[in-house]
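With JSON, C-alpha atoms inside, this is upload.json:
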```
[["chain", "number", "residue", "atom", "x", "y", "z"],
["A", 1, "MET", "CA", 0.04, 6.05, 33.59],
["A", 2, "HIS", "CA", 2.84, 4.53, 31.57],
["A", 3, "ARG", "CA", 5.37, 6.42, 33.69],
["A", 4, "LEU", "CA", 3.78, 5.08, 36.91],
["A", 5, "LEU", "CA", 3.91, 1.50, 35.64],
["A", 6, "SER", "CA", 7.53, 1.96, 34.63],
["A", 7, "THR", "CA", 8.38, 3.32, 38.09],
["A", 8, "TRP", "CA", 6.64, 0.36, 39.70],
["A", 9, "MET", "CA", 8.62, -2.18, 37.71],
["A", 10, "THR", "CA", 11.89, -0.27, 37.95],
["A", 11, "THR", "CA", 11.83, -0.80, 41.74],
["A", 12, "TYR", "CA", 11.64, -4.55, 41.26],
["A", 13, "TRP", "CA", 14.48, -4.58, 38.75],
["A", 14, "ARG", "CA", 16.63, -2.54, 41.14],
["A", 15, "VAL", "CA", 15.91, -5.06, 43.92],
["A", 16, "PHE", "CA", 16.78, -7.90, 41.54],
["A", 17, "VAL", "CA", 20.12, -6.28, 40.63],
["A", 18, "ALA", "CA", 20.83, -5.64, 44.34],
["A", 19, "LEU", "CA", 20.08, -9.30, 45.19],
["A", 20, "ALA", "CA", 22.30, -10.57, 42.37],
["A", 21, "VAL", "CA", 25.19, -8.26, 43.29],
["A", 22, "LEU", "CA", 24.91, -9.09, 47.00],
["A", 23, "THR", "CA", 24.99, -12.83, 46.18],
["A", 24, "ILE", "CA", 28.17, -12.41, 44.09],
["A", 25, "VAL", "CA", 29.80, -10.34, 46.85],
["A", 26, "GLU", "CA", 28.78, -12.96, 49.44],
["A", 27, "VAL", "CA", 30.44, -15.77, 47.48],
["A", 28, "TRP", "CA", 33.56, -13.61, 47.09],
["A", 29, "ILE", "CA", 33.66, -12.82, 50.83],
["A", 30, "ALA", "CA", 33.26, -16.52, 51.70],
["A", 31, "ARG", "CA", 36.48, -17.24, 49.78],
["A", 32, "GLN", "CA", 38.51, -14.67, 51.70],
["A", 33, "GLU", "CA", 40.96, -15.49, 54.48],
["A", 34, "GLY", "CA", 40.57, -13.83, 57.86],
["A", 35, "SER", "CA", 38.73, -13.91, 61.14],
["A", 36, "LYS", "CA", 36.02, -16.58, 60.91],
["A", 37, "VAL", "CA", 33.76, -14.69, 63.29],
["A", 38, "LEU", "CA", 34.07, -11.47, 61.28],
["A", 39, "LEU", "CA", 33.46, -13.30, 57.99],
["A", 40, "ALA", "CA", 30.42, -15.11, 59.43],
["A", 41, "ALA", "CA", 28.99, -11.88, 60.86],
["A", 42, "THR", "CA", 29.46, -10.10, 57.51],
["A", 43, "LEU", "CA", 27.85, -12.95, 55.57],
["A", 44, "VAL", "CA", 24.88, -13.11, 57.96],
["A", 45, "ALA", "CA", 24.44, -9.32, 57.65],
["A", 46, "PHE", "CA", 24.43, -9.64, 53.85],
["A", 47, "ALA", "CA", 21.90, -12.50, 54.00],
["A", 48, "LEU", "CA", 19.61, -10.51, 56.32],
["A", 49, "CYS", "CA", 19.79, -7.51, 53.94],
["A", 50, "LYS", "CA", 18.80, -9.76, 51.02],
["A", 51, "ALA", "CA", 15.98, -11.36, 53.01],
["A", 52, "ALA", "CA", 14.71, -7.91, 54.03],
["A", 53, "LEU", "CA", 14.73, -6.77, 50.38],
["A", 54, "VAL", "CA", 12.64, -9.81, 49.36],
["A", 55, "ALA", "CA", 10.19, -9.33, 52.24],
["A", 56, "MET", "CA", 9.82, -5.57, 51.81],
["A", 57, "TYR", "CA", 9.52, -5.36, 48.03],
["A", 58, "TYR", "CA", 8.69, -8.76, 46.53],
["A", 59, "MET", "CA", 6.33, -9.72, 49.38],
["A", 60, "HIS", "CA", 5.04, -6.13, 49.43],
["A", 61, "LEU", "CA", 5.46, -5.85, 53.21],
["A", 62, "ARG", "CA", 6.60, -2.25, 52.73],
["A", 63, "TYR", "CA", 3.14, -1.37, 51.47],
["A", 64, "GLU", "CA", 1.09, -3.55, 53.83],
["A", 65, "ARG", "CA", -1.07, -2.53, 56.77],
["A", 66, "ARG", "CA", 0.21, -2.59, 60.33],
["A", 67, "LEU", "CA", -1.63, -5.80, 61.26],
["A", 68, "LEU", "CA", 0.30, -7.79, 58.65],
["A", 69, "TRP", "CA", 3.52, -6.23, 59.92],
["A", 70, "TYR", "CA", 2.73, -7.70, 63.36],
["A", 71, "VAL", "CA", 1.91, -11.10, 61.84],
["A", 72, "ALA", "CA", 5.15, -11.04, 59.83],
["A", 73, "THR", "CA", 7.46, -9.87, 62.62],
["A", 74, "LEU", "CA", 6.02, -11.77, 65.60],
["A", 75, "PRO", "CA", 7.57, -15.14, 64.61],
["A", 76, "PHE", "CA", 10.97, -13.46, 64.53],
["A", 77, "VAL", "CA", 10.46, -12.49, 68.20],
["A", 78, "PHE", "CA", 9.69, -16.15, 68.98],
["A", 79, "ALA", "CA", 12.69, -17.19, 66.87],
["A", 80, "ALA", "CA", 14.89, -14.82, 68.91],
["A", 81, "ILE", "CA", 13.56, -16.36, 72.15],
["A", 82, "LEU", "CA", 14.31, -19.81, 70.72],
["A", 83, "ALA", "CA", 17.83, -18.71, 69.73],
["A", 84, "LEU", "CA", 18.49, -17.26, 73.19],
["A", 85, "GLY", "CA", 17.23, -20.47, 74.81],
["A", 86, "LEU", "CA", 19.43, -22.61, 72.58],
["A", 87, "LEU", "CA", 22.46, -20.41, 73.23],
["A", 88, "ALA", "CA", 21.87, -20.55, 76.98],
["A", 89, "ASP", "CA", 21.44, -24.31, 76.81],
["A", 90, "SER", "CA", 24.60, -24.82, 74.75],
["A", 91, "SER", "CA", 26.66, -22.53, 77.01],
["A", 92, "LEU", "CA", 25.39, -24.32, 80.16],
["A", 93, "ASN", "CA", 26.35, -27.65, 78.62],
["A", 94, "ALA", "CA", 29.65, -26.39, 77.23],
["A", 95, "ASN", "CA", 31.71, -28.77, 79.38],
["A", 96, "LYS", "CA", 29.57, -31.77, 78.58],
["A", 97, "PRO", "CA", 30.42, -33.87, 75.53],
["A", 98, "GLY", "CA", 28.91, -32.61, 72.31],
["A", 99, "PRO", "CA", 27.21, -34.69, 69.61],
["A", 100, "GLY", "CA", 29.63, -37.18, 68.15],
["A", 101, "GLN", "CA", 32.13, -36.84, 70.96],
["A", 102, "ILE", "CA", 33.50, -40.06, 72.47],
["A", 103, "VAL", "CA", 33.79, -39.93, 76.21],
["A", 104, "GLU", "CA", 36.58, -41.97, 77.72],
["A", 105, "GLN", "CA", 35.29, -43.89, 80.72],
["A", 106, "PRO", "CA", 37.67, -44.27, 83.67],
["A", 107, "GLN", "CA", 39.07, -47.80, 83.85],
["A", 108, "PRO", "CA", 37.86, -49.76, 86.88],
["A", 109, "SER", "CA", 40.58, -50.51, 89.31],
["A", 110, "ALA", "CA", 41.84, -54.11, 89.22],
["A", 111, "GLU", "CA", 42.48, -54.17, 92.95],
["A", 112, "PRO", "CA", 39.58, -55.12, 95.23],
["B", 1, "MET", "CA", 6.49, 5.71, 45.77],
["B", 2, "HIS", "CA", 2.95, 6.53, 46.93],
["B", 3, "GLU", "CA", 1.80, 6.39, 43.33],
["B", 4, "ALA", "CA", 3.45, 3.00, 42.94],
["B", 5, "HIS", "CA", 1.75, 1.88, 46.15],
["B", 6, "ALA", "CA", -1.63, 2.84, 44.75],
["B", 7, "LEU", "CA", -0.97, 0.71, 41.71],
["B", 8, "GLU", "CA", 0.15, -2.19, 43.81],
["B", 9, "GLN", "CA", -2.81, -2.18, 46.18],
["B", 10, "PRO", "CA", -5.99, -1.84, 44.14],
["B", 11, "ARG", "CA", -8.04, -2.63, 47.26],
["B", 12, "ALA", "CA", -6.29, 0.01, 49.38],
["B", 13, "THR", "CA", -9.58, 1.77, 50.08],
["B", 14, "SER", "CA", -10.92, -1.32, 51.82],
["B", 15, "VAL", "CA", -10.62, -1.26, 55.61],
["B", 16, "THR", "CA", -10.23, -5.03, 55.99],
["B", 17, "ILE", "CA", -7.44, -7.28, 54.79],
["B", 18, "PRO", "CA", -8.61, -10.06, 52.45],
["B", 19, "ILE", "CA", -8.88, -13.24, 54.52],
["B", 20, "GLU", "CA", -6.85, -15.18, 51.93],
["B", 21, "ARG", "CA", -3.92, -12.78, 52.24],
["B", 22, "PHE", "CA", -4.14, -12.72, 56.04],
["B", 23, "GLY", "CA", -4.30, -16.53, 56.15],
["B", 24, "THR", "CA", -1.28, -16.80, 53.88],
["B", 25, "TRP", "CA", 0.71, -14.51, 56.16],
["B", 26, "LEU", "CA", -0.32, -16.57, 59.21],
["B", 27, "PHE", "CA", 0.80, -19.71, 57.41],
["B", 28, "LEU", "CA", 4.11, -18.06, 56.53],
["B", 29, "ALA", "CA", 4.52, -17.04, 60.19],
["B", 30, "SER", "CA", 4.26, -20.71, 61.18],
["B", 31, "GLU", "CA", 6.78, -21.55, 58.46],
["B", 32, "VAL", "CA", 9.22, -19.00, 59.91],
["B", 33, "MET", "CA", 9.03, -20.87, 63.22],
["B", 34, "PHE", "CA", 9.52, -24.21, 61.46],
["B", 35, "PHE", "CA", 12.69, -23.09, 59.69],
["B", 36, "SER", "CA", 13.89, -21.21, 62.79],
["B", 37, "GLY", "CA", 13.78, -24.51, 64.67],
["B", 38, "LEU", "CA", 15.75, -26.31, 61.96],
["B", 39, "ILE", "CA", 18.35, -23.55, 61.58],
["B", 40, "GLY", "CA", 18.63, -23.27, 65.38],
["B", 41, "ALA", "CA", 19.26, -27.01, 65.64],
["B", 42, "TYR", "CA", 21.92, -26.75, 62.89],
["B", 43, "ILE", "CA", 23.73, -23.93, 64.68],
["B", 44, "VAL", "CA", 23.66, -25.69, 68.08],
["B", 45, "ILE", "CA", 24.87, -29.00, 66.60],
["B", 46, "ARG", "CA", 27.61, -27.23, 64.67],
["B", 47, "ALA", "CA", 28.71, -25.19, 67.70],
["B", 48, "GLY", "CA", 28.88, -28.31, 69.85],
["B", 49, "ALA", "CA", 30.59, -30.57, 67.31],
["B", 50, "VAL", "CA", 34.24, -31.53, 67.81],
["B", 51, "SER", "CA", 35.10, -30.93, 64.17],
["B", 52, "TRP", "CA", 33.14, -29.54, 61.25],
["B", 53, "PRO", "CA", 34.28, -29.58, 57.63],
["B", 54, "VAL", "CA", 34.66, -26.37, 55.66],
["B", 55, "PRO", "CA", 31.43, -26.40, 53.56],
["B", 56, "GLY", "CA", 33.35, -25.36, 50.44],
["B", 57, "SER", "CA", 35.50, -28.48, 50.68],
["B", 58, "VAL", "CA", 32.43, -30.76, 50.47],
["B", 59, "LEU", "CA", 29.76, -28.75, 48.65],
["B", 60, "ASN", "CA", 29.78, -27.25, 45.17],
["B", 61, "ILE", "CA", 29.47, -23.53, 45.96],
["B", 62, "PRO", "CA", 29.57, -22.10, 42.38],
["B", 63, "VAL", "CA", 26.75, -24.39, 41.19],
["B", 64, "THR", "CA", 24.64, -23.56, 44.25],
["B", 65, "ALA", "CA", 25.34, -19.83, 43.80],
["B", 66, "ILE", "CA", 23.96, -20.11, 40.26],
["B", 67, "ASN", "CA", 20.98, -22.03, 41.66],
["B", 68, "THR", "CA", 20.41, -19.20, 44.14],
["B", 69, "PHE", "CA", 20.43, -16.79, 41.21],
["B", 70, "VAL", "CA", 17.83, -19.01, 39.46],
["B", 71, "LEU", "CA", 15.52, -18.73, 42.49],
["B", 72, "ILE", "CA", 16.00, -14.94, 42.64],
["B", 73, "CYS", "CA", 15.12, -14.76, 38.90],
["B", 74, "SER", "CA", 11.98, -16.82, 39.61],
["B", 75, "SER", "CA", 10.92, -14.24, 42.21],
["B", 76, "VAL", "CA", 11.22, -11.52, 39.56],
["B", 77, "THR", "CA", 9.11, -13.47, 37.06],
["B", 78, "MET", "CA", 6.51, -14.08, 39.82],
["B", 79, "VAL", "CA", 6.36, -10.35, 40.55],
["B", 80, "ARG", "CA", 6.01, -9.67, 36.81],
["B", 81, "ALA", "CA", 3.20, -12.25, 36.58],
["B", 82, "LEU", "CA", 1.23, -10.50, 39.32],
["B", 83, "TYR", "CA", 1.97, -7.11, 37.75],
["B", 84, "SER", "CA", 0.74, -8.37, 34.37],
["B", 85, "VAL", "CA", -2.51, -9.91, 35.65],
["B", 86, "ARG", "CA", -3.34, -6.77, 37.61],
["B", 87, "ARG", "CA", -2.79, -4.78, 34.43],
["B", 88, "GLY", "CA", -5.07, -7.18, 32.53],
["B", 89, "ASP", "CA", -2.21, -8.41, 30.32],
["B", 90, "GLN", "CA", -3.11, -12.12, 30.13],
["B", 91, "ARG", "CA", -0.38, -13.03, 27.65],
["B", 92, "HIS", "CA", 2.50, -11.73, 29.76],
["B", 93, "PHE", "CA", 0.84, -13.08, 32.90],
["B", 94, "ARG", "CA", 0.90, -16.62, 31.49],
["B", 95, "ILE", "CA", 4.42, -16.24, 30.10],
["B", 96, "ASN", "CA", 5.81, -15.03, 33.44],
["B", 97, "LEU", "CA", 3.91, -17.66, 35.41],
["B", 98, "ALA", "CA", 5.26, -20.37, 33.10],
["B", 99, "ALA", "CA", 8.78, -18.91, 33.46],
["B", 100, "THR", "CA", 8.45, -19.05, 37.28],
["B", 101, "PHE", "CA", 7.30, -22.67, 37.06],
["B", 102, "LEU", "CA", 10.22, -23.60, 34.77],
["B", 103, "LEU", "CA", 12.76, -21.80, 36.96],
["B", 104, "GLY", "CA", 11.38, -23.67, 39.99],
["B", 105, "CYS", "CA", 11.80, -26.96, 38.11],
["B", 106, "LEU", "CA", 15.34, -25.92, 37.14],
["B", 107, "PHE", "CA", 16.17, -25.20, 40.79],
["B", 108, "LEU", "CA", 14.91, -28.64, 41.85],
["B", 109, "SER", "CA", 16.79, -30.32, 38.98],
["B", 110, "VAL", "CA", 20.07, -28.68, 39.99],
["B", 111, "GLN", "CA", 19.44, -29.68, 43.62],
["B", 112, "MET", "CA", 18.85, -33.28, 42.52],
["B", 113, "TYR", "CA", 22.08, -33.14, 40.48],
["B", 114, "GLU", "CA", 23.92, -31.80, 43.54],
["B", 115, "TYR", "CA", 22.49, -34.55, 45.78],
["B", 116, "ARG", "CA", 23.47, -37.20, 43.23],
["B", 117, "GLN", "CA", 27.04, -35.90, 43.08],
["B", 118, "LEU", "CA", 27.34, -35.70, 46.86],
["B", 119, "LEU", "CA", 25.90, -39.16, 47.43],
["B", 120, "HIS", "CA", 28.25, -40.54, 44.78],
["B", 121, "GLU", "CA", 31.18, -39.00, 46.68],
["B", 122, "GLY", "CA", 30.03, -40.69, 49.91],
["B", 123, "PHE", "CA", 28.50, -37.60, 51.53],
["B", 124, "THR", "CA", 25.27, -39.15, 52.81],
["B", 125, "PRO", "CA", 22.83, -38.24, 55.62],
["B", 126, "GLN", "CA", 24.44, -41.01, 57.69],
["B", 127, "SER", "CA", 28.07, -40.11, 56.95],
["B", 128, "SER", "CA", 28.38, -37.24, 59.44],
["B", 129, "LEU", "CA", 26.45, -34.69, 61.48],
["B", 130, "PHE", "CA", 27.11, -32.19, 58.71],
["B", 131, "GLY", "CA", 25.52, -34.61, 56.24],
["B", 132, "THR", "CA", 22.47, -35.14, 58.48],
["B", 133, "THR", "CA", 21.84, -31.43, 59.02],
["B", 134, "PHE", "CA", 22.65, -30.52, 55.40],
["B", 135, "TYR", "CA", 20.14, -32.99, 53.92],
["B", 136, "THR", "CA", 17.51, -32.11, 56.56],
["B", 137, "LEU", "CA", 17.69, -28.35, 55.92],
["B", 138, "THR", "CA", 18.03, -28.42, 52.13],
["B", 139, "GLY", "CA", 15.62, -31.37, 51.82],
["B", 140, "PHE", "CA", 12.83, -29.61, 53.71],
["B", 141, "HIS", "CA", 13.44, -26.48, 51.66],
["B", 142, "GLY", "CA", 13.38, -28.56, 48.47],
["B", 143, "ALA", "CA", 10.05, -30.06, 49.59],
["B", 144, "HIS", "CA", 8.70, -26.52, 49.99],
["B", 145, "VAL", "CA", 9.94, -25.60, 46.50],
["B", 146, "PHE", "CA", 8.24, -28.74, 45.15],
["B", 147, "GLY", "CA", 5.00, -27.65, 46.84],
["B", 148, "GLY", "CA", 5.40, -24.22, 45.24],
["B", 149, "VAL", "CA", 6.04, -25.73, 41.81],
["B", 150, "VAL", "CA", 2.87, -27.87, 42.08],
["B", 151, "THR", "CA", 0.91, -24.76, 43.11],
["B", 152, "LEU", "CA", 2.37, -22.82, 40.15],
["B", 153, "LEU", "CA", 1.36, -25.63, 37.80],
["B", 154, "ALA", "CA", -2.21, -25.49, 39.15],
["B", 155, "LEU", "CA", -2.24, -21.70, 38.72],
["B", 156, "LEU", "CA", -0.87, -22.08, 35.20],
["B", 157, "ILE", "CA", -3.68, -24.46, 34.23],
["B", 158, "MET", "CA", -6.24, -22.11, 35.78],
["B", 159, "ALA", "CA", -4.65, -19.14, 33.99],
["B", 160, "TRP", "CA", -4.94, -20.91, 30.64],
["B", 161, "ARG", "CA", -8.63, -21.47, 31.39],
["B", 162, "GLY", "CA", -9.01, -17.73, 32.03],
["B", 163, "ALA", "CA", -9.64, -17.97, 35.78],
["B", 164, "PHE", "CA", -7.78, -14.75, 36.62],
["B", 165, "SER", "CA", -8.36, -11.14, 35.67],
["B", 166, "ALA", "CA", -7.33, -7.65, 36.73],
["B", 167, "ASP", "CA", -9.96, -7.75, 39.51],
["B", 168, "HIS", "CA", -9.72, -11.43, 40.42],
["B", 169, "ASN", "CA", -6.11, -12.42, 41.21],
["B", 170, "LEU", "CA", -5.86, -13.02, 44.97],
["B", 171, "ALA", "CA", -4.80, -16.65, 44.44],
["B", 172, "VAL", "CA", -1.87, -15.45, 42.31],
["B", 173, "GLU", "CA", -0.89, -12.97, 45.02],
["B", 174, "CYS", "CA", -1.02, -15.61, 47.79],
["B", 175, "ALA", "CA", 0.96, -18.12, 45.71],
["B", 176, "GLY", "CA", 3.45, -15.34, 45.01],
["B", 177, "LEU", "CA", 3.84, -14.63, 48.73],
["B", 178, "TYR", "CA", 4.62, -18.29, 49.35],
["B", 179, "TRP", "CA", 7.07, -18.41, 46.44],
["B", 180, "HIS", "CA", 8.93, -15.30, 47.64],
["B", 181, "PHE", "CA", 9.07, -16.80, 51.14],
["B", 182, "VAL", "CA", 10.70, -19.95, 49.73],
["B", 183, "ASP", "CA", 13.23, -17.67, 48.00],
["B", 184, "LEU", "CA", 13.83, -15.76, 51.25],
["B", 185, "VAL", "CA", 14.47, -18.97, 53.21],
["B", 186, "TRP", "CA", 16.93, -20.18, 50.56],
["B", 187, "ILE", "CA", 18.84, -16.89, 50.75],
["B", 188, "LEU", "CA", 19.39, -17.55, 54.48],
["B", 189, "LEU", "CA", 20.13, -21.27, 54.04],
["B", 190, "PHE", "CA", 22.65, -20.62, 51.28],
["B", 191, "THR", "CA", 24.62, -18.32, 53.58],
["B", 192, "ILE", "CA", 24.36, -20.43, 56.73],
["B", 193, "VAL", "CA", 24.88, -23.90, 55.24],
["B", 194, "TYR", "CA", 27.07, -23.24, 52.19],
["B", 195, "LEU", "CA", 29.12, -20.12, 52.89],
["B", 196, "ILE", "CA", 29.81, -20.00, 56.64]]
```
Kindly return the structure encoded in the file as structure tokens.
Amino acid sequence: MHRLLSTWMTTYWRVFVALAVLTIVEVWIARQEGSKVLLAATLVAFALCKAALVAMYYMHLRYERRLLWYVATLPFVFAAILALGLLADSSLNANKPGPGQIVEQPQPSAEP
Amino acid sequence: MHEAHALEQPRATSVTIPIERFGTWLFLASEVMFFSGLIGAYIVIRAGAVSWPVPGSVLNIPVTAINTFVLICSSVTMVRALYSVRRGDQRHFRINLAATFLLGCLFLSVQMYEYRQLLHEGFTPQSSLFGTTFYTLTGFHGAHVFGGVVTLLALLIMAWRGAFSADHNLAVECAGLYWHFVDLVWILLFTIVYLI
């Protein structure tokens, strides 16, 4: 029994160490020079890994029934739809002035 | 791992999911949508902005990284609290619950300190789009942490009155789910707002 309890807690300590190490690595990566897109993609991948670790082990999703898996993952499908909609909207309006942009109005001609 | 699972789910033989746990997950699903909307707005505004400051030049990354570590530590103490109550260890349950509460308070204190510094330097919600989105995202998250801290305090008082036992701890589990969710959201916010 004692061994089982130790195993149970060891998993959580391993996740804790992984989260701490990933956070340190993230901060280090953020200070590096290089392609902004590559850095952002790497940082987002790290953040998603950390979020997955929290959801799977600390929120016990790994051990939950299928119904709760659906409840937990469905909002991410909606979030993806929202993200796609926002991306489509921003790409369609790419030529229009963005927030904070000052649009120069054409000066009216002085001649009648 | 299966043995560990059996320890973690004492009601695994039951066919149904406790309504409290299911309700908490539904609530968290709505919270995912809430934060998705905020993060989506942040990304669209940032992508469309003419200029955007490097977050590290405005924000204090090392202090926030330590604050992130504080929240991760609080998740561990919350897990340990649930583990202790399920084992019937009331003393360690209360200690870990109190530690989670204190770490939550510490997180909020550091966030208040950060806000004070930033406002003193002229970085206000009205100063720029970055300021508006920064205070909106971190402020709503801070409000969620505050809600979690109040819940933890209520649990702590109930724990001291002996309201929880090895068989009766669903409220601790649901509060723990919420607390871990708050941690999860901060992990994403820290990367998106502070590091990228």
task: Determine, counting all atoms listed in the file, which protein, DNA and RNA residues have an atom within 10 Å of an atom of Thr64 of chain B; residues of the same chain fewer than 2 positions away are not included. Present the result as number ranges by chain.
output: B: 59-62, 66-70, 107, 110-111, 114, 190, 194
Interface residues on chain B facing chain A, 7 Å, all atoms listed in the file, written as a list in words: Glu3, Ala4, His5, Trp25, Leu26, Ala29, Val32, Met33, Ser36, Gly40, Val44, Ile45, Gly48, Ala49, Val50, Phe69, Val76, Val79, Leu177, His180, Leu184, Ile187, Leu188, Thr191, Leu195 and Ile196 of chain B
query: Around (1.4, -14.4, 42.9) in the file's frame, which residues reach within 12 Å when counting only C-alpha atoms? Return as an MDAnalysis selection string?
result: (chainID A and resid 58:60) or (chainID B and resid 21 24 74:86 93:94 96:97 100:101 148 151:152 155:156 159 164 168:181)
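Atom pair atom CA of Gly88 of chain B / atom CA of Asp183 of chain B: separated by 26.2 Å.
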message: With 9 Å as the threshold, what does the neighbourhood of (18.9, -34.1, 63.2) contain in terms of residues, counting all atoms listed in the file? Coordinates are those of the file; answer as a list in words.
response: Leu38, Ala41, Tyr42, Ile45, Leu129, Thr132, Thr133 and Thr136 of chain B
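Here atom CA of Trp160 of chain B stands at a distance of 12.8 Å from atom CA of Asp89 of chain B.
The smallest atom-to-atom distance between Ala143 of chain B and any of B:Leu108, B:Gly37, B:Ile43, B:Thr16, using all atoms listed in the file, is found for B:Leu108.
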- prompt: What does the distance from atom CA of Arg161 of chain B to atom CA of Gly23 of chain B come to in Å, to one decimal?
  reply: 25.6 Å
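Proximity to segment 138-142 of chain B at 9 Å, evaluated using all atoms listed in the file and with sequence-adjacent residues fewer than 3 positions away removed, yields Phe35, Phe107, Leu108, Gln111, Thr133, Phe134, Tyr135, Val145, Phe146, Gly147, Val182, Val185, Trp186, Leu189 and Val193 of chain B.
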Output file: segment 21-36 of chain A, N, CA, C and O atoms, as a compact mmCIF listing (two decimals), in the first residue's frame:
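Contents of selection.txt, freshly written:
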```txt
# COMPACT_ATOMS: atom_id res chain seq x y z
N VAL A 21 10.86 23.08 -14.98
CA VAL A 21 11.96 23.09 -15.96
C VAL A 21 11.48 23.74 -17.27
O VAL A 21 12.19 24.57 -17.86
N LEU A 22 10.27 23.38 -17.70
CA LEU A 22 9.74 23.95 -18.95
C LEU A 22 9.58 25.47 -18.84
O LEU A 22 9.82 26.19 -19.81
N THR A 23 9.18 25.95 -17.65
CA THR A 23 9.05 27.40 -17.45
C THR A 23 10.40 28.09 -17.57
O THR A 23 10.52 29.14 -18.24
N ILE A 24 11.43 27.50 -16.95
CA ILE A 24 12.78 28.09 -17.02
C ILE A 24 13.26 28.11 -18.48
O ILE A 24 13.79 29.12 -18.96
N VAL A 25 13.05 27.00 -19.19
CA VAL A 25 13.49 26.91 -20.59
C VAL A 25 12.73 27.95 -21.44
O VAL A 25 13.33 28.60 -22.30
N GLU A 26 11.44 28.10 -21.15
CA GLU A 26 10.63 29.09 -21.88
C GLU A 26 11.21 30.50 -21.74
O GLU A 26 11.34 31.23 -22.73
N VAL A 27 11.51 30.87 -20.48
CA VAL A 27 12.05 32.21 -20.24
C VAL A 27 13.40 32.36 -20.96
O VAL A 27 13.69 33.42 -21.54
N TRP A 28 14.19 31.31 -20.97
CA TRP A 28 15.49 31.36 -21.66
C TRP A 28 15.29 31.52 -23.17
O TRP A 28 15.96 32.34 -23.81
N ILE A 29 14.35 30.76 -23.73
CA ILE A 29 14.08 30.84 -25.18
C ILE A 29 13.60 32.25 -25.55
O ILE A 29 14.00 32.81 -26.57
N ALA A 30 12.75 32.84 -24.70
CA ALA A 30 12.20 34.17 -24.99
C ALA A 30 13.30 35.23 -25.08
O ALA A 30 13.11 36.27 -25.71
N ARG A 31 14.44 34.96 -24.46
CA ARG A 31 15.54 35.94 -24.47
C ARG A 31 16.48 35.74 -25.66
O ARG A 31 17.44 36.50 -25.82
N GLN A 32 16.24 34.69 -26.45
CA GLN A 32 17.13 34.40 -27.56
C GLN A 32 16.79 35.26 -28.79
O GLN A 32 15.64 35.67 -28.96
N GLU A 33 17.80 35.49 -29.60
CA GLU A 33 17.61 36.21 -30.86
C GLU A 33 17.28 35.19 -31.95
O GLU A 33 17.71 34.05 -31.88
N GLY A 34 16.52 35.61 -32.94
CA GLY A 34 16.23 34.70 -34.04
C GLY A 34 14.88 35.01 -34.66
O GLY A 34 14.31 36.08 -34.40
N SER A 35 14.43 34.08 -35.49
CA SER A 35 13.15 34.26 -36.16
C SER A 35 12.02 34.38 -35.13
O SER A 35 11.84 33.50 -34.28
N LYS A 36 11.26 35.47 -35.23
CA LYS A 36 10.18 35.71 -34.26
C LYS A 36 9.09 34.65 -34.36
O LYS A 36 8.54 34.22 -33.35
```
